[in-house]
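Down below is the structure, laid out as structure tokens.
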Amino acid sequence: MATATRTAAPTLIGSVQRALRLLESAGSHPDGAPAKQLAREAGLPLPTAYHLLRTLAHEGYLRRERGVFVLGDAAENLGHGRGLQNRRSKIADSIGHWRDTIGAPVYFALYHEGEIDLVAVADSPSAPAVNEWADFRETAHAHAIGQCLLSQLDDESRRDHLDRHPVRPLTSHTVPDRNALLKRLGSLRRMEPVVARQEYALGTLCAAVPVTAGTTAATVAISLPLDQQQRLLPAAEWLRREIGCMLSAFAFSISI
């Protein structure tokens, strides 16, 4: 007769469990609660609760204000991290859907703390993303993603970026100099797709649609090989309409 396999019970740390119960209790009181109330709700002796509350406050998970305990920055950051992960997942789902609909790689990027941040890319074996042979952050002048983001900045921020990342030729089609780039950016209309033809890489075209929500510059872009150039503008216009229809739902991405 076979002997049943016994699953080993997990090793639990009692002090961690008690601390978590205190955090859960504190989180249920937006305006805070005193130690006695938290101890009672967590089912802990008051001396034990005091010791754990002091430790949690020291580590930043709780904060004591006017005799009550409220959640601290460290606890809030845990929730923010989960929210950030959810938002990135939603971005990936959205651009993955657009990739499948358009049949081209789709990129989502934003301008964060003075730099180009390529947040997500959705491509496929049949429609691969552009090979980043030159750092996207340093070559904003040469691709539609960067030009679209720079066009959304104020004049001072735009010039500051170009001071740190000067215009330089990557191909024979790259915008020739800083003045030409600034003139081009200044001529763009609001929500107009930005198109770059072989400026970053020969044989590659790209178009970027500005995403206007909040104060952060963001863009969704596509790229296509040169022999499919007739598809670029219709696809960019479709993408612009799609973003416009779901802008309120897509605004989650701006807070990253």
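Starting from 1 in every chain, residues are counted up; chains themselves are A, B, ... following the order of the structure tokens, and ligands are numbered from 1 as listed.
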Find the residues near Ala217 in chain A: any atom within 7 Å, counting only C-alpha atoms, skip ones fewer than 5 places away on the same chain, and give them as an MDAnalysis selection string.
chainID A and resid 110:111 149 152 212
Since we have the selection now, will you write its residues out, keeping C-alpha atoms, as an mmCIF file, in the first residue's frame?
data_model
loop_
_atom_site.group_PDB
_atom_site.id
_atom_site.type_symbol
_atom_site.label_atom_id
_atom_site.label_comp_id
_atom_site.auth_asym_id
_atom_site.auth_seq_id
_atom_site.Cartn_x
_atom_site.Cartn_y
_atom_site.Cartn_z
ATOM 1 C CA LEU A 110 7.169 59.534 -23.021
ATOM 2 C CA TYR A 111 9.457 62.360 -21.990
ATOM 3 C CA LEU A 149 8.023 64.367 -27.880
ATOM 4 C CA GLN A 152 5.270 68.923 -27.114
ATOM 5 C CA THR A 212 -2.112 64.795 -24.947
#
Run DSSP on the backbone of this structure and report the residues of range 20-241 of chain A it assigns to strand (DSSP E or B), as a ChimeraX atom specification.
/A:33,62-65,68-71,106-112,115-122,124,127,194-197,204-213,216-225
Residues from the last selection, C-alpha atoms, saved as an mmCIF file, in the first residue's frame:
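To be explicit, this is the file written out as part_17.cif:
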data_model
loop_
_atom_site.group_PDB
_atom_site.id
_atom_site.type_symbol
_atom_site.label_atom_id
_atom_site.label_comp_id
_atom_site.auth_asym_id
_atom_site.auth_seq_id
_atom_site.Cartn_x
_atom_site.Cartn_y
_atom_site.Cartn_z
ATOM 1 C CA ALA A 33 -6.192 55.386 14.480
ATOM 2 C CA LEU A 62 3.547 53.981 9.303
ATOM 3 C CA ARG A 63 3.630 57.601 10.375
ATOM 4 C CA ARG A 64 2.481 58.961 13.735
ATOM 5 C CA GLU A 65 0.535 62.210 13.584
ATOM 6 C CA VAL A 68 -2.692 58.387 15.643
ATOM 7 C CA PHE A 69 -0.963 56.123 13.142
ATOM 8 C CA VAL A 70 -1.458 56.491 9.383
ATOM 9 C CA LEU A 71 0.153 54.681 6.467
ATOM 10 C CA VAL A 106 3.945 49.889 -32.240
ATOM 11 C CA TYR A 107 5.912 51.914 -29.702
ATOM 12 C CA PHE A 108 4.844 53.871 -26.621
ATOM 13 C CA ALA A 109 7.224 56.509 -25.272
ATOM 14 C CA LEU A 110 7.169 59.534 -23.021
ATOM 15 C CA TYR A 111 9.457 62.360 -21.990
ATOM 16 C CA HIS A 112 10.480 61.739 -18.393
ATOM 17 C CA GLU A 115 14.999 62.153 -21.361
ATOM 18 C CA ILE A 116 13.223 60.005 -23.943
ATOM 19 C CA ASP A 117 11.777 56.938 -22.207
ATOM 20 C CA LEU A 118 10.749 54.127 -24.557
ATOM 21 C CA VAL A 119 8.260 52.471 -22.209
ATOM 22 C CA ALA A 120 6.956 49.607 -24.353
ATOM 23 C CA VAL A 121 7.294 48.061 -27.803
ATOM 24 C CA ALA A 122 4.953 45.568 -29.457
ATOM 25 C CA SER A 124 6.324 40.368 -34.108
ATOM 26 C CA ALA A 127 6.905 42.992 -38.279
ATOM 27 C CA VAL A 194 5.086 63.382 -36.990
ATOM 28 C CA VAL A 195 6.736 61.518 -39.859
ATOM 29 C CA ALA A 196 10.429 60.672 -40.252
ATOM 30 C CA ARG A 197 11.633 59.068 -43.466
ATOM 31 C CA THR A 204 12.875 52.633 -42.403
ATOM 32 C CA LEU A 205 9.952 55.038 -42.052
ATOM 33 C CA CYS A 206 8.191 55.965 -38.843
ATOM 34 C CA ALA A 207 5.228 58.052 -37.730
ATOM 35 C CA ALA A 208 4.394 59.189 -34.203
ATOM 36 C CA VAL A 209 1.096 60.466 -32.824
ATOM 37 C CA PRO A 210 1.186 62.817 -29.824
ATOM 38 C CA VAL A 211 -0.785 61.747 -26.763
ATOM 39 C CA THR A 212 -2.112 64.795 -24.947
ATOM 40 C CA ALA A 213 -3.179 64.102 -21.363
ATOM 41 C CA THR A 216 3.605 64.845 -19.651
ATOM 42 C CA ALA A 217 4.658 64.568 -23.290
ATOM 43 C CA ALA A 218 3.874 61.116 -24.670
ATOM 44 C CA THR A 219 3.520 59.430 -28.042
ATOM 45 C CA VAL A 220 2.421 56.237 -29.771
ATOM 46 C CA ALA A 221 4.380 55.432 -32.930
ATOM 47 C CA ILE A 222 4.685 52.887 -35.722
ATOM 48 C CA SER A 223 7.479 51.964 -38.122
ATOM 49 C CA LEU A 224 7.431 50.409 -41.580
ATOM 50 C CA PRO A 225 10.007 49.393 -44.192
#
What is the distance between CA of Leu239 in chain A and CA of Arg184 in chain A, in Å to one decimal?
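CA of Arg184 in chain A lies at a distance of 22.0 Å from CA of Leu239 in chain A.
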Measuring atom to atom with only C-alpha atoms, identify which of A:Ala134, A:Ala42, A:Ala35, A:Leu202 is nearest to Gly67 in chain A.
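When distances to Gly67 in chain A are compared using only C-alpha atoms, the smallest one comes from A:Ala35.
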